Each structure stands twice: as structure tokens, then as C-alpha cells.
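Have a look at the structure below before the remarks.
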Amino acid sequence: MLILGIESSCDETGVALLEIKGDKFRVLANLVSSQVNIFKKYGGVVPEIAARKHLDNLLPLLEKAMVKAKVSPKDIEAIGVVYGPGLITSLIVGIETAKTLSLVWQKPLIPVDHMKAHILANLVEGESGSLVKIKYPAMCLVVSGGHTMLVSMKDENNFKTVGQTRDDAVGEAFDKVAKILGLGYPGGPIISEKAENADKEFYKLPRPMINSGDFDFSFSGLKTAVKNEWEWEQFKDKENVRKMCASFQQACVDVLVKKTIEAAKKYGVKSILLGGGVAANKELRKQLAEKIDLELKGVKFFQPELNMTTDNALMVAISAYFEYKDKPKNFYEAWKTIKVEPNLEL
């Protein structure tokens, strides 16, 4: 089976070709065209510009992927495409492209939830993309620019949100704090780099909702606390910038790790998964792994490879495969009904 994946939910255009033989995965192509350098000067994504760049990039990227994989349309069994959540104008480009290919090539079209795809990015490892075996039930921490969620997972197709952010997502908070500190965009990698080996307890920042008794999150107040502290800061030298980055990052990590551990204990999971763009954060990966090892004996921790943390089409192809494999007939007419859902909930 050969699955074509298409990703265009925000500012990265992705095309991937995933081959499945029995229970073995093989990645034939996984190409991403990023717009991050375009949006640095704006300090964030401009939806109309992102959509136009998807229009420019998608078909050439598809052609390049098929040449790299040495396949033709007749070799492809099904097409997976993200239909939400995301920016509506960006999603439309991917959806309309996929619908057209599905009609012209006479291939099934599988709509994919972007957040499920981030979770299932944990199922491949290495350049070849070999399949990772996960024991269920599992708890998934999904952290990105638009989402912060804890998701209970029974298998590859059964998900339930048990907690989520009530305001800013953690990735959004990183971007806003980086702007406050004058560090540029995107904020996550910059703050992580500046925070390395800096004093993470120098600024006494709050840990919002850390003892709330539920699995929801809030990062808006933490961002405001950084802003207020920084306005009073009279010695804004490079070292103090590093200390603020480290203090802010640690506050985020403390909340994310504690809530994940508590949710894992309550739901009696066998595995914990990490997903989303903020899953690339070194301290989050390190401290969550340490806490799981300390408090959850026998629970295995899975974290995606760094190239699978950002938006990509391989995770879309993986998610499409699990949706499609048991009910292939359901998707042959999907091109007629599939619609963009920018506010899709898991």
C-alpha cells in the first residue's frame, strides 16, 4: 500500500509518500517547504501570504516527491489530507488540491485531523520510517503554537481530550515572550537556545493552574508576568535576557510535566507520547523523560524525532493509513463531501 500525504494547515507545505508492507513502514519521500523565513519580518504568520505560498509550492513539491520516490499516480492507493484545525485559507489549498487529485486519479481521499497526525508522528523512527510499537492505553501531551492538550488514546483511531489550554497555547506563549524580549520569531527555538545553561530560577514566575486539580492549562498569565517583570527590569543586558528565557521556559515545563504525570496516573496508561512543534524543546523532552522514569515505573516514553515535531505530511500519511486500512470503501466518494474545518476539535 502506498499513501500520499498532503499538509498545508499553517505555513509549511508538506508532501510525503509512505509505503506499507504488512506491518512495516517505509518512507519514500517526506518533503517540506517552510515559510518561516518569510514571516520573521512580520513576527508571525500572515494567513493570506501563507495561502499564496502554498499555491506556489504544493504541486512542484508533489512532483519532486514522486520523482524522488520513483512512483506514478497509478502506484498510489490513497490520498490523506489535513482538513483541520488550522488556518482556513491554508487548509483550503491542500483540500482543493487533494480533492482534484482524488477525482482525476480515481483514488480514495482520507480527511486527517491535524492533532491526531501530530500524535501518530511517534509511530515512525529513523530515516526509513520503521513502525514503532506502542502499548495502549496511552497519554499524549500535544504542544504547539495553536494547541496545548492532554489526550487519552486507546489505539491509533480512538482519542479523547482530557485537558487543554483555556487561553494561549504554550507555543504561542513562547512566541509572545520572545517578542517582549525583542528576540524575534519564531520564539520557541530562540528562547530554548538563550536559556541553555542560564539560571532558570532567577526570575520568580508563576506556574499557572499547576495545582488546579484538573488537566487544563493556562499560559496567558505567565506571559503577562514576564511582561510586567521585564518592564521593571532596569538592567536588560544579555545575561538577564538569558535568565528570563530560562525562567520562563522552566515555568512552562514544570506545568506541562506535572499535569502529564498526573493524567497518566489517573488513566493508568502504559505509554506516554509527546507531539507538536514544542515537542522539539530539549528541556521538556529531558525533564518529562526523567519524571516518567522516576514516578511511572514500567511506563514507556515516546517522543517524535525532531524532524517530525514540526508540521509535515508524513504524519498525515500515517494517520490516513490507520483511518483507511479497515474501511477503504468509505473514502472513494469523500472528495464530494470533505470540507475545511479550521476549528476542528479532537
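Going through the C-alpha cells in order, the chains are called A, B, and so on, while each chain numbers its residues from 1 and the ligands are numbered from 1 in the order shown.
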Requested in this report: Would you list the contacts of A:Leu150 as a VMD selection string, taking every protein, DNA or RNA residue within 9 Å and counting only C-alpha atoms, but skipping same-chain residues closer than 5 positions in sequence?
Outcome: chain A and resid 139 to 143 160 to 164 215 to 216 259 to 260 263
Non-local contacts of A:Gly44 (10 Å; only C-alpha atoms; under 5 positions in same chain excluded) as an mmCIF file with C-alpha atoms, in the first residue's frame:
data_model
loop_
_atom_site.group_PDB
_atom_site.id
_atom_site.type_symbol
_atom_site.label_atom_id
_atom_site.label_comp_id
_atom_site.auth_asym_id
_atom_site.auth_seq_id
_atom_site.Cartn_x
_atom_site.Cartn_y
_atom_site.Cartn_z
ATOM 1 C CA ASP A 11 2.806 27.963 6.948
ATOM 2 C CA VAL A 36 9.432 30.614 8.467
ATOM 3 C CA ILE A 38 9.218 34.890 5.143
ATOM 4 C CA PHE A 39 7.340 35.569 8.377
ATOM 5 C CA GLU A 172 2.011 30.949 21.291
ATOM 6 C CA ASP A 175 6.364 33.498 20.548
ATOM 7 C CA LYS A 176 4.843 36.337 22.592
ATOM 8 C CA GLY A 184 12.381 37.708 17.018
ATOM 9 C CA TYR A 185 10.251 34.921 15.526
ATOM 10 C CA PRO A 186 9.683 32.014 15.943
ATOM 11 C CA GLY A 187 10.112 32.231 19.700
#
Query raised in the report: Counting only C-alpha atoms, what is within 12 Å of A:Ala69, bar same-chain residues fewer than 4 positions away, as a list of chain:residue names?
Result: A:Leu2, A:Ile3, A:Leu4, A:Val15, A:Ala16, A:Leu17, A:Leu18, A:Glu19, A:Arg26, A:Val27, A:Leu28, A:Ala29, A:Asn30, A:Leu31, A:Leu62, A:Glu63, A:Lys64, A:Ala65, A:Pro73, A:Asp75, A:Ile76
Resulting file, chosen residues, N, CA and C atoms, as a short mmCIF file (atom, residue, chain, number, x, y, z; two decimals), in the first residue's frame:
data_model
loop_
_atom_site.label_atom_id
_atom_site.label_comp_id
_atom_site.auth_asym_id
_atom_site.auth_seq_id
_atom_site.Cartn_x
_atom_site.Cartn_y
_atom_site.Cartn_z
N LEU A 2 0.51 2.22 -0.83
CA LEU A 2 1.26 3.48 -0.90
C LEU A 2 0.29 4.63 -0.64
N ILE A 3 0.59 5.41 0.41
CA ILE A 3 -0.26 6.53 0.81
C ILE A 3 0.44 7.85 0.51
N LEU A 4 -0.28 8.75 -0.15
CA LEU A 4 0.20 10.12 -0.37
C LEU A 4 -0.38 11.01 0.72
N VAL A 15 4.54 17.32 1.55
CA VAL A 15 4.11 16.19 0.72
C VAL A 15 4.94 14.98 1.12
N ALA A 16 4.28 13.83 1.34
CA ALA A 16 5.00 12.62 1.72
C ALA A 16 4.40 11.41 1.02
N LEU A 17 5.24 10.40 0.82
CA LEU A 17 4.81 9.13 0.27
C LEU A 17 5.27 8.03 1.21
N LEU A 18 4.30 7.30 1.77
CA LEU A 18 4.56 6.27 2.75
C LEU A 18 4.14 4.91 2.20
N GLU A 19 5.08 3.97 2.20
CA GLU A 19 4.79 2.62 1.74
C GLU A 19 4.58 1.70 2.94
N ARG A 26 7.78 2.21 5.27
CA ARG A 26 8.99 2.71 4.60
C ARG A 26 8.67 4.07 3.99
N VAL A 27 9.43 5.08 4.39
CA VAL A 27 9.22 6.43 3.88
C VAL A 27 9.94 6.58 2.55
N LEU A 28 9.18 6.81 1.49
CA LEU A 28 9.78 7.01 0.17
C LEU A 28 10.11 8.47 -0.09
N ALA A 29 9.34 9.37 0.53
CA ALA A 29 9.61 10.81 0.40
C ALA A 29 8.88 11.53 1.52
N ASN A 30 9.52 12.57 2.05
CA ASN A 30 8.90 13.43 3.06
C ASN A 30 9.49 14.82 2.91
N LEU A 31 8.84 15.65 2.10
CA LEU A 31 9.37 16.95 1.73
C LEU A 31 8.55 18.07 2.38
N LEU A 62 4.91 18.16 -4.87
CA LEU A 62 4.34 16.85 -5.19
C LEU A 62 5.11 16.17 -6.31
N GLU A 63 5.39 16.93 -7.33
CA GLU A 63 6.15 16.37 -8.46
C GLU A 63 7.54 15.91 -8.01
N LYS A 64 8.18 16.74 -7.19
CA LYS A 64 9.52 16.40 -6.70
C LYS A 64 9.48 15.14 -5.84
N ALA A 65 8.45 15.00 -5.00
CA ALA A 65 8.33 13.83 -4.13
C ALA A 65 8.13 12.56 -4.95
N PRO A 73 1.15 8.14 -10.44
CA PRO A 73 -0.18 8.14 -9.82
C PRO A 73 -0.80 6.75 -9.69
N ASP A 75 0.54 4.06 -8.88
CA ASP A 75 1.11 3.33 -7.74
C ASP A 75 0.48 3.73 -6.41
N ILE A 76 -0.14 4.90 -6.38
CA ILE A 76 -0.70 5.44 -5.13
C ILE A 76 -2.07 4.81 -4.87
#
Query raised in the report: Which of these residues is nearest to A:Met209, using only C-alpha atoms: A:Ile92, A:Leu222, A:Ile272, A:Leu346?
Result: A:Leu222
Requested in this report: Run DSSP on the backbone and grab whatever in stretch 193-320 of chain A lands in strand (DSSP E or B); send it over as a list in words.
Outcome: Phe217, Ser271, Ile272, Leu273, Leu274, Gly275, Lys300, Phe301 and Phe302 of chain A
Would you put the residues from that selection into a file with N, CA and C atoms, as a tab-separated table (two decimals), in the first residue's frame?
chain	number	residue	atom	x	y	z
A	217	PHE	N	-4.85	23.84	31.06
A	217	PHE	CA	-3.65	24.69	31.12
A	217	PHE	C	-4.04	26.15	30.91
A	271	SER	N	1.86	3.88	28.19
A	271	SER	CA	2.78	4.68	27.38
A	271	SER	C	2.42	6.16	27.49
A	272	ILE	N	3.43	7.02	27.34
A	272	ILE	CA	3.22	8.46	27.24
A	272	ILE	C	3.86	8.93	25.94
A	273	LEU	N	3.09	9.72	25.18
A	273	LEU	CA	3.57	10.23	23.90
A	273	LEU	C	3.65	11.75	23.94
A	274	LEU	N	4.60	12.29	23.21
A	274	LEU	CA	4.78	13.74	23.10
A	274	LEU	C	4.62	14.11	21.63
A	275	GLY	N	3.95	15.22	21.34
A	275	GLY	CA	3.78	15.61	19.95
A	275	GLY	C	3.59	17.11	19.78
A	300	LYS	N	6.38	3.48	29.25
A	300	LYS	CA	7.38	3.84	28.24
A	300	LYS	C	7.07	5.21	27.66
A	301	PHE	N	8.14	5.98	27.45
A	301	PHE	CA	8.01	7.34	26.92
A	301	PHE	C	8.42	7.35	25.45
A	302	PHE	N	7.53	7.91	24.61
A	302	PHE	CA	7.81	8.05	23.19
A	302	PHE	C	7.82	9.53	22.82
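Each of A:Val112, A:Leu55, A:Cys252, A:Ile20 was checked against A:Leu131 using only C-alpha atoms; the smallest atom-to-atom distance is that of A:Ile20.
Neighbouring residues of A:Val299 at 12 Å or closer, counting only C-alpha atoms and skipping chain neighbours under 5 positions away, are A:Ile134, A:Lys135, A:Tyr136, A:Pro137, A:Ala138, A:Met139, A:Ile261, A:Ala264, A:Lys265, A:Gly268, A:Val269, A:Lys270, A:Ser271, A:Ile272, A:Leu273, A:Ala289, A:Glu290, A:Lys291, A:Ile292, A:Asp293, A:Leu294.
Remark: for A:Asp56, the closest of the candidate residues A:Ser247, A:Ser90, A:Asn197, A:Thr224 is A:Ser90 (distances computed over only C-alpha atoms).
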Requested in this report: Once DSSP has gone over the backbone, tell me which residues of stretch 29-179 of chain A are in alpha helix (DSSP H), as a VMD selection string.
Outcome: chain A and resid 36 to 39 47 to 69 88 to 105 114 to 120 170 to 179
Determine, counting only C-alpha atoms, which protein, DNA and RNA residues have an atom within 6 Å of an atom of A:Ala313; residues of the same chain fewer than 3 positions away are not included. Present the result as an mmCIF file with C-alpha atoms, in the first residue's frame.
data_model
loop_
_atom_site.group_PDB
_atom_site.id
_atom_site.type_symbol
_atom_site.label_atom_id
_atom_site.label_comp_id
_atom_site.auth_asym_id
_atom_site.auth_seq_id
_atom_site.Cartn_x
_atom_site.Cartn_y
_atom_site.Cartn_z
ATOM 1 C CA GLY A 5 0.051 12.684 2.450
ATOM 2 C CA ILE A 6 -0.596 16.421 1.973
ATOM 3 C CA GLU A 7 -0.125 19.047 4.716
ATOM 4 C CA GLY A 14 4.289 19.176 3.055
ATOM 5 C CA VAL A 15 4.108 16.186 0.715
ATOM 6 C CA ALA A 16 5.001 12.618 1.724
ATOM 7 C CA VAL A 316 -0.597 12.922 7.756
#
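Each of A:Leu91, A:Tyr267, A:Leu120, A:Gln250 was compared to A:Ser152 using only C-alpha atoms, and A:Tyr267 turns out to be the nearest.
When the distance limit is 12 Å and only C-alpha atoms are what count, the residues near A:Ser220, minus those fewer than 4 positions from it on the same chain, are A:Thr165, A:Arg166, A:Asp167, A:Asp168, A:Ala169, A:Val170, A:Gly171, A:Glu172, A:Ala173, A:Phe174, A:Asp175, A:Lys176, A:Val177, A:Pro206, A:Arg207, A:Pro208, A:Met209, A:Thr224, A:Ala225, A:Val226, A:Lys227, A:Cys252.
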Query raised in the report: Suppose you want the space between atom CA of A:Leu306 and atom CA of A:Asp214; what is it in Å?
Result: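 One can read the atom CA of A:Leu306 to atom CA of A:Asp214 distance as 29.5 Å.
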Query - Test item: residues at most 12 Å from A:Lys327, only C-alpha atoms, excluding those fewer than 6 positions along its chain, as a list in words - result: Pro108, Ile110, Ala320 and Tyr321 of chain A
Just N, CA and C atoms for this one: save the residues we selected as a CSV table (one decimal), in the first residue's frame.
chain,number,residue,atom,x,y,z
A,108,PRO,N,-9.1,7.0,-3.3
A,108,PRO,CA,-9.8,7.3,-2.1
A,108,PRO,C,-9.1,8.5,-1.4
A,110,ILE,N,-8.8,10.5,2.2
A,110,ILE,CA,-9.0,10.4,3.7
A,110,ILE,C,-8.7,11.7,4.4
A,320,ALA,N,-3.6,8.8,8.0
A,320,ALA,CA,-4.5,8.4,6.9
A,320,ALA,C,-4.6,6.9,6.8
A,321,TYR,N,-3.4,6.3,6.9
A,321,TYR,CA,-3.3,4.8,6.8
A,321,TYR,C,-4.2,4.1,7.8
